[in-house]
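Enquirer: Input structure: run07.cif, which contains mmCIF, C-alpha atoms.
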```cif
data_my_file
#
loop_
_atom_site.group_PDB
_atom_site.id
_atom_site.type_symbol
_atom_site.label_atom_id
_atom_site.label_comp_id
_atom_site.auth_asym_id
_atom_site.auth_seq_id
_atom_site.Cartn_x
_atom_site.Cartn_y
_atom_site.Cartn_z
ATOM 1 C CA MET A 82 -107.170 -71.779 5.917
ATOM 2 C CA ASN A 83 -107.186 -75.579 5.457
ATOM 3 C CA ILE A 84 -108.109 -77.068 2.110
ATOM 4 C CA VAL A 85 -110.523 -79.999 2.604
ATOM 5 C CA ASN A 86 -112.637 -82.360 0.464
ATOM 6 C CA PHE A 87 -111.347 -80.713 -2.718
ATOM 7 C CA THR A 88 -112.630 -82.547 -5.826
ATOM 8 C CA PRO A 89 -111.244 -80.593 -8.788
ATOM 9 C CA ILE A 90 -111.798 -83.287 -11.424
ATOM 10 C CA THR A 91 -115.475 -84.051 -10.790
ATOM 11 C CA ALA A 92 -116.073 -80.333 -10.170
ATOM 12 C CA THR A 93 -114.577 -79.338 -13.532
ATOM 13 C CA PHE A 94 -116.280 -82.210 -15.366
ATOM 14 C CA GLY A 95 -119.670 -81.440 -13.775
ATOM 15 C CA GLY A 96 -119.128 -77.773 -14.596
ATOM 16 C CA MET A 97 -118.448 -78.641 -18.242
ATOM 17 C CA ILE A 98 -121.740 -80.548 -18.373
ATOM 18 C CA ILE A 99 -123.493 -77.475 -16.948
ATOM 19 C CA GLY A 100 -121.744 -75.400 -19.646
ATOM 20 C CA LEU A 101 -123.004 -77.832 -22.294
ATOM 21 C CA ALA A 102 -126.591 -77.333 -21.075
ATOM 22 C CA VAL A 103 -126.121 -73.556 -21.382
ATOM 23 C CA VAL A 104 -124.770 -73.939 -24.934
ATOM 24 C CA ILE A 105 -127.601 -76.240 -26.068
ATOM 25 C CA PHE A 106 -130.270 -73.910 -24.685
ATOM 26 C CA PHE A 107 -128.632 -70.941 -26.431
ATOM 27 C CA LEU A 108 -127.882 -72.636 -29.766
ATOM 28 C CA PHE A 109 -131.370 -74.102 -30.234
ATOM 29 C CA ASN A 110 -133.718 -71.847 -28.247
ATOM 30 C CA GLY A 111 -131.713 -68.610 -28.268
ATOM 31 C CA ARG A 112 -131.931 -68.127 -24.506
ATOM 32 C CA LEU A 113 -129.261 -67.984 -21.817
ATOM 33 C CA VAL A 114 -129.828 -70.116 -18.721
ATOM 34 C CA GLY A 115 -130.574 -68.222 -15.548
ATOM 35 C CA ILE A 116 -132.421 -70.456 -13.161
ATOM 36 C CA SER A 117 -133.848 -67.802 -10.835
ATOM 37 C CA GLY A 118 -135.360 -66.064 -13.873
ATOM 38 C CA ILE A 119 -136.656 -69.297 -15.403
ATOM 39 C CA ALA A 120 -138.238 -70.328 -12.086
ATOM 40 C CA ALA A 121 -139.767 -66.930 -11.293
ATOM 41 C CA ASN A 122 -141.088 -66.494 -14.841
ATOM 42 C CA ALA A 123 -142.517 -70.015 -14.927
ATOM 43 C CA LEU A 124 -144.864 -68.815 -12.184
ATOM 44 C CA SER A 125 -145.675 -65.304 -13.236
ATOM 45 C CA GLU A 126 -145.095 -64.833 -16.982
ATOM 46 C CA LYS A 127 -147.210 -66.310 -19.763
ATOM 47 C CA ASN A 128 -144.356 -65.835 -22.234
ATOM 48 C CA ASN A 129 -142.292 -69.055 -22.543
ATOM 49 C CA ARG A 130 -144.107 -70.516 -19.543
ATOM 50 C CA PHE A 131 -144.174 -74.072 -20.878
ATOM 51 C CA ASP A 132 -140.474 -73.949 -21.836
ATOM 52 C CA ASN A 133 -139.594 -72.656 -18.388
ATOM 53 C CA LEU A 134 -141.636 -75.368 -16.670
ATOM 54 C CA LEU A 135 -140.040 -78.065 -18.843
ATOM 55 C CA PHE A 136 -136.561 -76.786 -17.969
ATOM 56 C CA LEU A 137 -137.408 -76.950 -14.253
ATOM 57 C CA ILE A 138 -138.865 -80.454 -14.640
ATOM 58 C CA GLY A 139 -135.609 -81.395 -16.393
ATOM 59 C CA LEU A 140 -133.616 -80.073 -13.420
ATOM 60 C CA VAL A 141 -135.527 -82.482 -11.176
ATOM 61 C CA ILE A 142 -135.356 -85.417 -13.616
ATOM 62 C CA GLY A 143 -131.559 -85.055 -14.046
ATOM 63 C CA PRO A 144 -130.671 -86.378 -10.574
ATOM 64 C CA ILE A 145 -133.286 -89.152 -10.896
ATOM 65 C CA LEU A 146 -131.810 -90.353 -14.207
ATOM 66 C CA TYR A 147 -128.309 -90.143 -12.718
ATOM 67 C CA THR A 148 -129.353 -92.450 -9.855
ATOM 68 C CA VAL A 149 -131.121 -94.874 -12.218
ATOM 69 C CA PHE A 150 -128.201 -95.151 -14.649
ATOM 70 C CA THR A 151 -125.276 -95.146 -12.226
ATOM 71 C CA ASN A 152 -126.934 -96.921 -9.299
ATOM 72 C CA LYS A 153 -125.250 -94.361 -7.053
ATOM 73 C CA GLN A 154 -127.114 -92.648 -4.255
ATOM 74 C CA ILE A 155 -127.000 -88.859 -4.038
ATOM 75 C CA ASN A 156 -126.226 -87.766 -0.499
ATOM 76 C CA ILE A 157 -126.771 -84.235 0.650
ATOM 77 C CA THR A 158 -126.309 -82.564 4.020
ATOM 78 C CA ILE A 159 -128.627 -79.667 4.672
ATOM 79 C CA SER A 160 -129.545 -77.581 7.717
ATOM 80 C CA ASN A 161 -132.336 -78.963 9.904
ATOM 81 C CA SER A 162 -133.486 -75.562 11.072
ATOM 82 C CA LEU A 163 -136.731 -74.720 9.288
ATOM 83 C CA ILE A 164 -136.497 -71.085 10.389
ATOM 84 C CA LEU A 165 -133.017 -70.782 8.894
ATOM 85 C CA LEU A 166 -134.160 -72.453 5.656
ATOM 86 C CA ILE A 167 -137.201 -70.192 5.358
ATOM 87 C CA CYS A 168 -135.059 -67.056 5.918
ATOM 88 C CA ALA A 169 -132.458 -68.343 3.451
ATOM 89 C CA GLY A 170 -135.113 -69.167 0.849
ATOM 90 C CA LEU A 171 -136.769 -65.751 1.171
ATOM 91 C CA LEU A 172 -133.393 -63.983 0.872
ATOM 92 C CA VAL A 173 -132.357 -66.053 -2.159
ATOM 93 C CA GLY A 174 -135.751 -65.591 -3.841
ATOM 94 C CA MET A 175 -135.856 -61.842 -3.268
ATOM 95 C CA GLY A 176 -132.150 -61.156 -3.814
ATOM 96 C CA THR A 177 -131.916 -62.986 -7.130
ATOM 97 C CA ARG A 178 -134.932 -61.170 -8.561
ATOM 98 C CA VAL A 179 -133.845 -57.763 -7.292
ATOM 99 C CA SER A 180 -130.384 -58.231 -8.814
ATOM 100 C CA GLY A 181 -131.709 -60.044 -11.886
ATOM 101 C CA GLY A 182 -129.738 -63.286 -11.611
ATOM 102 C CA CYS A 183 -128.209 -66.018 -9.488
ATOM 103 C CA THR A 184 -125.170 -68.295 -9.647
ATOM 104 C CA SER A 185 -126.207 -69.468 -13.127
ATOM 105 C CA GLY A 186 -127.608 -66.250 -14.648
ATOM 106 C CA HIS A 187 -124.898 -63.875 -13.406
ATOM 107 C CA GLY A 188 -122.150 -66.357 -12.449
ATOM 108 C CA ILE A 189 -122.116 -68.471 -15.625
ATOM 109 C CA SER A 190 -124.237 -66.937 -18.402
ATOM 110 C CA GLY A 191 -123.428 -63.318 -17.521
ATOM 111 C CA ILE A 192 -119.703 -63.766 -16.904
ATOM 112 C CA GLY A 193 -119.539 -65.946 -20.040
ATOM 113 C CA ARG A 194 -120.677 -63.025 -22.162
ATOM 114 C CA PHE A 195 -118.287 -60.694 -20.280
ATOM 115 C CA SER A 196 -121.081 -58.617 -18.700
ATOM 116 C CA LEU A 197 -119.566 -56.202 -16.169
ATOM 117 C CA ARG A 198 -122.937 -56.069 -14.416
ATOM 118 C CA SER A 199 -122.838 -59.845 -13.848
ATOM 119 C CA ILE A 200 -119.193 -59.795 -12.774
ATOM 120 C CA ILE A 201 -120.004 -57.189 -10.122
ATOM 121 C CA ALA A 202 -123.094 -59.142 -8.972
ATOM 122 C CA THR A 203 -121.080 -62.372 -8.714
ATOM 123 C CA ILE A 204 -118.273 -60.744 -6.717
ATOM 124 C CA THR A 205 -120.888 -59.189 -4.413
ATOM 125 C CA PHE A 206 -122.817 -62.380 -3.674
ATOM 126 C CA MET A 207 -119.593 -64.350 -3.201
ATOM 127 C CA ILE A 208 -118.179 -61.827 -0.708
ATOM 128 C CA VAL A 209 -121.449 -61.592 1.232
ATOM 129 C CA GLY A 210 -121.781 -65.409 1.165
ATOM 130 C CA ILE A 211 -118.243 -65.780 2.557
ATOM 131 C CA LEU A 212 -118.920 -63.165 5.271
ATOM 132 C CA THR A 213 -122.221 -64.847 6.192
ATOM 133 C CA VAL A 214 -120.508 -68.217 6.657
ATOM 134 C CA LEU A 215 -117.716 -66.532 8.634
ATOM 135 C CA ILE A 216 -120.210 -64.885 10.974
ATOM 136 C CA LYS A 217 -122.315 -68.047 11.277
ATOM 137 C CA ASN A 218 -119.343 -70.321 12.049
ATOM 138 C CA TYR A 219 -117.102 -68.196 14.198
ATOM 139 C CA ILE A 220 -119.228 -65.750 16.128
ATOM 140 C CA MET B 224 -139.001 -79.572 -30.775
ATOM 141 C CA ASN B 225 -137.746 -76.526 -28.857
ATOM 142 C CA LYS B 226 -139.859 -77.798 -25.929
ATOM 143 C CA LEU B 227 -137.805 -80.977 -25.979
ATOM 144 C CA ILE B 228 -134.611 -78.881 -25.920
ATOM 145 C CA SER B 229 -135.846 -76.999 -22.836
ATOM 146 C CA LEU B 230 -136.461 -80.294 -21.050
ATOM 147 C CA LEU B 231 -133.140 -81.746 -22.229
ATOM 148 C CA ALA B 232 -131.155 -78.636 -21.215
ATOM 149 C CA GLY B 233 -132.733 -78.887 -17.750
ATOM 150 C CA ILE B 234 -131.866 -82.584 -17.484
ATOM 151 C CA ILE B 235 -128.243 -81.976 -18.534
ATOM 152 C CA PHE B 236 -127.911 -79.015 -16.168
ATOM 153 C CA GLY B 237 -129.342 -81.059 -13.280
ATOM 154 C CA THR B 238 -126.968 -83.931 -14.046
ATOM 155 C CA GLY B 239 -124.037 -81.493 -14.006
ATOM 156 C CA LEU B 240 -125.136 -80.283 -10.576
ATOM 157 C CA VAL B 241 -125.090 -83.869 -9.292
ATOM 158 C CA ILE B 242 -121.710 -84.794 -10.808
ATOM 159 C CA SER B 243 -120.085 -81.591 -9.553
ATOM 160 C CA GLU B 244 -121.801 -82.210 -6.155
ATOM 161 C CA MET B 245 -123.147 -78.648 -6.168
ATOM 162 C CA ILE B 246 -126.504 -80.239 -5.295
ATOM 163 C CA ASN B 247 -125.052 -80.749 -1.794
ATOM 164 C CA PRO B 248 -125.415 -77.594 0.352
ATOM 165 C CA GLU B 249 -122.587 -78.765 2.614
ATOM 166 C CA LYS B 250 -120.190 -78.665 -0.360
ATOM 167 C CA VAL B 251 -121.284 -75.132 -1.254
ATOM 168 C CA LEU B 252 -120.963 -73.945 2.346
ATOM 169 C CA SER B 253 -117.425 -75.267 2.554
ATOM 170 C CA PHE B 254 -116.586 -73.299 -0.598
ATOM 171 C CA LEU B 255 -117.768 -70.178 1.221
ATOM 172 C CA ASP B 256 -115.779 -71.130 4.357
ATOM 173 C CA VAL B 257 -112.615 -69.538 2.976
ATOM 174 C CA PHE B 258 -111.215 -68.707 6.419
ATOM 175 C CA GLY B 259 -111.913 -72.165 7.882
ATOM 176 C CA ASN B 260 -111.999 -75.547 6.165
ATOM 177 C CA TRP B 261 -112.072 -74.443 2.559
ATOM 178 C CA ASP B 262 -113.195 -76.598 -0.378
ATOM 179 C CA PRO B 263 -112.385 -74.666 -3.600
ATOM 180 C CA SER B 264 -114.400 -77.085 -5.814
ATOM 181 C CA LEU B 265 -117.188 -74.612 -6.672
ATOM 182 C CA ALA B 266 -114.689 -72.329 -8.404
ATOM 183 C CA PHE B 267 -113.709 -75.255 -10.629
ATOM 184 C CA VAL B 268 -117.377 -75.882 -11.468
ATOM 185 C CA MET B 269 -117.661 -72.290 -12.673
ATOM 186 C CA ILE B 270 -114.421 -72.545 -14.627
ATOM 187 C CA GLY B 271 -115.560 -75.826 -16.217
ATOM 188 C CA ALA B 272 -118.897 -74.290 -17.203
ATOM 189 C CA LEU B 273 -117.281 -71.119 -18.557
ATOM 190 C CA ILE B 274 -114.613 -72.811 -20.694
ATOM 191 C CA ILE B 275 -117.426 -74.573 -22.558
ATOM 192 C CA SER B 276 -120.134 -71.913 -22.590
ATOM 193 C CA SER B 277 -118.196 -68.675 -23.061
ATOM 194 C CA PRO B 278 -116.354 -69.369 -26.350
ATOM 195 C CA LEU B 279 -119.395 -71.104 -27.842
ATOM 196 C CA PHE B 280 -121.672 -68.245 -26.763
ATOM 197 C CA HIS B 281 -119.466 -65.786 -28.630
ATOM 198 C CA LEU B 282 -119.454 -68.001 -31.712
ATOM 199 C CA ILE B 283 -123.184 -68.776 -31.711
ATOM 200 C CA LYS B 284 -124.350 -65.195 -31.107
ATOM 201 C CA ASN B 285 -122.981 -64.279 -34.557
ATOM 202 C CA ASN B 286 -125.524 -66.631 -36.154
ATOM 203 C CA LYS B 287 -128.566 -64.930 -37.678
ATOM 204 C CA LYS B 288 -130.882 -66.816 -35.391
ATOM 205 C CA PRO B 289 -131.081 -69.829 -33.067
ATOM 206 C CA LEU B 290 -131.783 -73.206 -34.683
ATOM 207 C CA LEU B 291 -135.295 -73.521 -33.257
ATOM 208 C CA ALA B 292 -136.431 -69.983 -32.450
ATOM 209 C CA ASP B 293 -136.960 -66.708 -34.296
ATOM 210 C CA SER B 294 -134.383 -64.638 -32.464
ATOM 211 C CA PHE B 295 -131.832 -64.625 -29.680
ATOM 212 C CA ASN B 296 -133.417 -63.474 -26.471
ATOM 213 C CA TYR B 297 -131.150 -62.654 -23.543
ATOM 214 C CA SER B 298 -130.633 -59.749 -21.176
ATOM 215 C CA LYS B 299 -128.597 -56.868 -22.535
ATOM 216 C CA ASN B 300 -129.065 -54.884 -19.347
ATOM 217 C CA LYS B 301 -125.818 -53.053 -18.535
ATOM 218 C CA ASP B 302 -127.050 -51.017 -15.565
ATOM 219 C CA ILE B 303 -124.849 -51.142 -12.515
ATOM 220 C CA ASN B 304 -127.065 -49.723 -9.815
ATOM 221 C CA LYS B 305 -128.195 -50.055 -6.210
ATOM 222 C CA ARG B 306 -130.656 -52.830 -7.003
ATOM 223 C CA LEU B 307 -127.932 -54.960 -8.542
ATOM 224 C CA ILE B 308 -125.693 -54.626 -5.488
ATOM 225 C CA ILE B 309 -128.411 -54.849 -2.814
ATOM 226 C CA GLY B 310 -130.071 -57.814 -4.546
ATOM 227 C CA ALA B 311 -126.767 -59.654 -4.951
ATOM 228 C CA ALA B 312 -125.944 -58.967 -1.286
ATOM 229 C CA LEU B 313 -129.328 -60.341 -0.114
ATOM 230 C CA PHE B 314 -128.817 -63.383 -2.305
ATOM 231 C CA GLY B 315 -125.290 -63.873 -0.930
ATOM 232 C CA ALA B 316 -126.620 -63.733 2.643
ATOM 233 C CA GLY B 317 -129.287 -66.366 1.896
ATOM 234 C CA TRP B 318 -126.759 -68.497 0.017
ATOM 235 C CA GLY B 319 -124.339 -68.362 2.948
ATOM 236 C CA LEU B 320 -127.086 -69.231 5.442
ATOM 237 C CA GLY B 321 -128.405 -72.332 3.696
ATOM 238 C CA GLY B 322 -125.794 -73.296 1.081
ATOM 239 C CA LEU B 323 -128.545 -73.415 -1.540
ATOM 240 C CA CYS B 324 -129.021 -71.359 -4.689
ATOM 241 C CA PRO B 325 -131.939 -71.728 -7.119
ATOM 242 C CA GLY B 326 -130.589 -74.482 -9.436
ATOM 243 C CA PRO B 327 -129.376 -76.971 -6.831
ATOM 244 C CA ALA B 328 -132.425 -76.229 -4.642
ATOM 245 C CA ILE B 329 -134.841 -77.127 -7.444
ATOM 246 C CA SER B 330 -132.814 -80.191 -8.496
ATOM 247 C CA SER B 331 -132.783 -81.450 -4.927
ATOM 248 C CA ILE B 332 -136.595 -81.725 -5.004
ATOM 249 C CA ALA B 333 -135.780 -85.081 -6.663
ATOM 250 C CA LEU B 334 -134.400 -86.318 -3.340
ATOM 251 C CA LEU B 335 -137.729 -85.586 -1.597
ATOM 252 C CA ASN B 336 -135.876 -83.907 1.243
ATOM 253 C CA ILE B 337 -138.360 -81.904 3.316
ATOM 254 C CA ASN B 338 -135.717 -79.320 4.254
ATOM 255 C CA SER B 339 -134.788 -78.488 0.680
ATOM 256 C CA ILE B 340 -138.472 -78.409 -0.325
ATOM 257 C CA THR B 341 -139.104 -75.916 2.514
ATOM 258 C CA PHE B 342 -136.308 -73.762 1.112
ATOM 259 C CA VAL B 343 -137.761 -73.935 -2.415
ATOM 260 C CA VAL B 344 -141.232 -72.894 -1.209
ATOM 261 C CA ALA B 345 -139.728 -69.912 0.674
ATOM 262 C CA MET B 346 -137.668 -69.018 -2.421
ATOM 263 C CA PHE B 347 -140.800 -68.913 -4.580
ATOM 264 C CA VAL B 348 -142.478 -66.715 -1.962
ATOM 265 C CA GLY B 349 -139.422 -64.438 -2.302
ATOM 266 C CA PHE B 350 -139.812 -64.357 -6.117
ATOM 267 C CA TYR B 351 -143.476 -63.482 -5.672
ATOM 268 C CA LEU B 352 -142.784 -60.683 -3.159
ATOM 269 C CA VAL B 353 -140.374 -58.997 -5.574
ATOM 270 C CA LYS B 354 -142.935 -59.285 -8.360
ATOM 271 C CA PHE B 355 -145.732 -57.991 -6.120
ATOM 272 C CA PHE B 356 -143.767 -54.962 -4.921
ATOM 273 C CA LYS B 357 -142.298 -54.411 -8.409
ATOM 274 C CA LEU B 358 -138.678 -54.475 -7.189
ATOM 275 C CA SER B 359 -137.188 -56.614 -9.948
ATOM 276 C CA SER B 360 -134.170 -55.471 -11.905
#
```
Could you write out this structure as structure tokens?

Expert:
Amino acid sequence: MNIVNFTPITATFGGMIIGLAVVIFFLFNGRLVGISGIAANALSEKNNRFDNLLFLIGLVIGPILYTVFTNKQINITISNSLILLICAGLLVGMGTRVSGGCTSGHGISGIGRFSLRSIIATITFMIVGILTVLIKNYI
Amino acid sequence: MNKLISLLAGIIFGTGLVISEMINPEKVLSFLDVFGNWDPSLAFVMIGALIISSPLFHLIKNNKKPLLADSFNYSKNKDINKRLIIGAALFGAGWGLGGLCPGPAISSIALLNINSITFVVAMFVGFYLVKFFKLSS
């Protein structure tokens, strides 16, 4: 194991901002953030549809505002294989709904309220994610 | 007013994803590359989020009701079952393949990157399939 590109300060600070968003949504609207649920329900559930859509629009506006105010470009590196991205998207879409949460719903909101169910889900998707990268990179 | 909060919470969350660089799939994939070139940053993002959200969640949930809604509304599901494990495993496999999970994927629509938009479309198809076959947890 080599530790590379480790950015603990911006990671913790960015994480605290994410935590603040979770707190605001809970304090005012009484809901816990889980993005897979918000996104899936925005499509298929009438209940809270407009709130869910506004949250998703906010997720997209956030990076735009960041670029406007800081004048910094956001650079991402993503796979170029459309087949891989389609498989990954299908797996993420199905898996998060079957298990009832993703990195935010289980990993932050669920663990934050000490839900054993979410702790088990988070450990599971982390281990399988690590194994998937291991297989992809070294075999 | 609570509509404005939904939008604002989304904006703040999306900004946090940018600052923590979790919007970048490469950064997420190197967190999962524990046995190779490992970047532990993602763990610090979760810790940062939890030190803010967890204590305040436990304080706020004792209030009678939220400031702008009639009642608190969050999952109290405690079931630990096959669906939880299988779903989380499928999600982990997809996450490890692409380095994208739902939040960063949706935020990255802002960058108009065709690859991340392809992922998001496939993810919504995945949501729909689970709904259609009534497999949700």

Enquirer: Let me know the residues the PyMOL selection byres ((chain B and resi 331-335) around 7) catches in the file above, as a tab-separated table (two decimals) with C-alpha atoms, keeping the file's coordinate frame.

Expert:
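Result file follows (expr-v7.tsv):
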```tsv
chain	number	residue	atom	x	y	z
A	141	VAL	CA	-135.53	-82.48	-11.18
A	142	ILE	CA	-135.36	-85.42	-13.62
A	144	PRO	CA	-130.67	-86.38	-10.57
A	145	ILE	CA	-133.29	-89.15	-10.90
B	246	ILE	CA	-126.50	-80.24	-5.30
B	327	PRO	CA	-129.38	-76.97	-6.83
B	328	ALA	CA	-132.43	-76.23	-4.64
B	329	ILE	CA	-134.84	-77.13	-7.44
B	330	SER	CA	-132.81	-80.19	-8.50
B	336	ASN	CA	-135.88	-83.91	1.24
B	337	ILE	CA	-138.36	-81.90	3.32
B	339	SER	CA	-134.79	-78.49	0.68
B	340	ILE	CA	-138.47	-78.41	-0.32
```

Enquirer: Any chance you could resolve the PyMOL selection byres ((chain B and resi 353) around 10) against this file and give the residues as a PyMOL selection string?

Expert: (chain A and resi 121+174-179) or (chain B and resi 347-352+354-360)

Enquirer: Would you write out those residues with C-alpha atoms, as an mmCIF file, in the coordinates of the input?

Expert:
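Generated output (out06.cif):
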```cif
data_model
loop_
_atom_site.group_PDB
_atom_site.id
_atom_site.type_symbol
_atom_site.label_atom_id
_atom_site.label_comp_id
_atom_site.auth_asym_id
_atom_site.auth_seq_id
_atom_site.Cartn_x
_atom_site.Cartn_y
_atom_site.Cartn_z
ATOM 1 C CA ALA A 121 -139.767 -66.930 -11.293
ATOM 2 C CA GLY A 174 -135.751 -65.591 -3.841
ATOM 3 C CA MET A 175 -135.856 -61.842 -3.268
ATOM 4 C CA GLY A 176 -132.150 -61.156 -3.814
ATOM 5 C CA THR A 177 -131.916 -62.986 -7.130
ATOM 6 C CA ARG A 178 -134.932 -61.170 -8.561
ATOM 7 C CA VAL A 179 -133.845 -57.763 -7.292
ATOM 8 C CA PHE B 347 -140.800 -68.913 -4.580
ATOM 9 C CA VAL B 348 -142.478 -66.715 -1.962
ATOM 10 C CA GLY B 349 -139.422 -64.438 -2.302
ATOM 11 C CA PHE B 350 -139.812 -64.357 -6.117
ATOM 12 C CA TYR B 351 -143.476 -63.482 -5.672
ATOM 13 C CA LEU B 352 -142.784 -60.683 -3.159
ATOM 14 C CA LYS B 354 -142.935 -59.285 -8.360
ATOM 15 C CA PHE B 355 -145.732 -57.991 -6.120
ATOM 16 C CA PHE B 356 -143.767 -54.962 -4.921
ATOM 17 C CA LYS B 357 -142.298 -54.411 -8.409
ATOM 18 C CA LEU B 358 -138.678 -54.475 -7.189
ATOM 19 C CA SER B 359 -137.188 -56.614 -9.948
ATOM 20 C CA SER B 360 -134.170 -55.471 -11.905
#
```

Enquirer: On this file, the PyMOL selection byres ((chain B and resi 320) around 8) gives some set of residues; write that set as number ranges by chain.

Expert: A: 165-166, 169, 210, 213-214, 217; B: 316-319, 321-322

Enquirer: Tell me, in Å to one decimal, how far atom CA of Met346 of chain B is from atom CA of Asn218 of chain A.

Expert: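 Going from atom CA of Met346 of chain B over to atom CA of Asn218 of chain A, I get 23.4 Å.
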
Enquirer: Give the padded box for segment 88-103 of chain A as AutoDock Vina command-line options: axis-aligned, covering all atoms listed in the file, 4 Å on each side, centre and edge lengths in Å to one decimal.

Expert:
```
--center_x -118.9 --center_y -78.8 --center_z -14.1 --size_x 23.3 --size_y 18.5 --size_z 24.5
```

Enquirer: Please determine the residues with any atom at most 10 Å from (-119.3, -74.4, -29.2) (coordinates as given in the file, with only C-alpha atoms counting) and report them as a list in words.

Expert: Gly100, Leu101, Val104, Ile105 and Leu108 of chain A; Ile274, Ile275, Ser276, Ser277, Pro278, Leu279, Phe280, His281, Leu282 and Ile283 of chain B

Enquirer: Could you write those residues out with C-alpha atoms, as a PDB file, in the frame of the given file?

Expert:
```pdb
ATOM      1  CA  GLY A 100    -121.744 -75.400 -19.646  1.00  0.00           C
ATOM      2  CA  LEU A 101    -123.004 -77.832 -22.294  1.00  0.00           C
ATOM      3  CA  VAL A 104    -124.770 -73.939 -24.934  1.00  0.00           C
ATOM      4  CA  ILE A 105    -127.601 -76.240 -26.068  1.00  0.00           C
ATOM      5  CA  LEU A 108    -127.882 -72.636 -29.766  1.00  0.00           C
TER       6      LEU A 108
ATOM      7  CA  ILE B 274    -114.613 -72.811 -20.694  1.00  0.00           C
ATOM      8  CA  ILE B 275    -117.426 -74.573 -22.558  1.00  0.00           C
ATOM      9  CA  SER B 276    -120.134 -71.913 -22.590  1.00  0.00           C
ATOM     10  CA  SER B 277    -118.196 -68.675 -23.061  1.00  0.00           C
ATOM     11  CA  PRO B 278    -116.354 -69.369 -26.350  1.00  0.00           C
ATOM     12  CA  LEU B 279    -119.395 -71.104 -27.842  1.00  0.00           C
ATOM     13  CA  PHE B 280    -121.672 -68.245 -26.763  1.00  0.00           C
ATOM     14  CA  HIS B 281    -119.466 -65.786 -28.630  1.00  0.00           C
ATOM     15  CA  LEU B 282    -119.454 -68.001 -31.712  1.00  0.00           C
ATOM     16  CA  ILE B 283    -123.184 -68.776 -31.711  1.00  0.00           C
TER      17      ILE B 283
END
```

Enquirer: Could you list, as a VMD selection string, every residue within 10 Å of segment 224-238 of chain B, counting only C-alpha atoms and ignoring same-chain residues fewer than 5 positions away?

Expert: (chain A and resid 95 to 112 114 116 129 131 to 148) or (chain B and resid 243 to 246 290 to 292 326 to 327 329 to 331)

Enquirer: Point out the residue among A:Thr158, A:Ala202, A:Thr88, A:Val173 with the least atom-to-atom distance to Glu249 of chain B, counting only C-alpha atoms.

Expert: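 With only C-alpha atoms as the atom set, the closest residue is A:Thr158.
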
Enquirer: Using all atoms listed in the file, which of A:Ile159, A:Tyr219, A:Gly191, A:Thr151 sits nearest chain B?

Expert: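 Among A:Ile159, A:Tyr219, A:Gly191, A:Thr151, it is A:Ile159 that comes nearest to chain B.
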
Enquirer: One decimal, in Å: what's the spacing between atom CA of Met207 of chain A and atom CA of Val241 of chain B?

Expert: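 If I compute the distance from atom CA of Met207 of chain A to atom CA of Val241 of chain B, I get 21.2 Å.
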
Enquirer: Choose the residue, out of A:Ile189, A:Ile216, A:Leu171, A:Ile164, that has the smallest atom-to-atom separation from Leu265 of chain B; count all atoms listed in the file.

Expert: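 Among A:Ile189, A:Ile216, A:Leu171, A:Ile164, it is A:Ile189 that comes nearest to Leu265 of chain B.
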
Enquirer: With distances taken over all atoms listed in the file, which of A:Ser180, A:Ser162, A:Ser125, A:Asn156 is nearest to chain B?

Expert: A:Ser180

Enquirer: Atom CA of Arg130 of chain A and atom CA of Cys168 of chain A are how many Å apart?

Expert: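 Computed distance, atom CA of Arg130 of chain A to atom CA of Cys168 of chain A, equals 27.2 Å.
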
Enquirer: Go through A:Gly182, A:Gly115, A:Gly188, A:Gly193 and flag the residue nearest chain B, using all atoms listed in the file for the distances.

Expert: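 Result for the nearest residue to chain B: A:Gly193.
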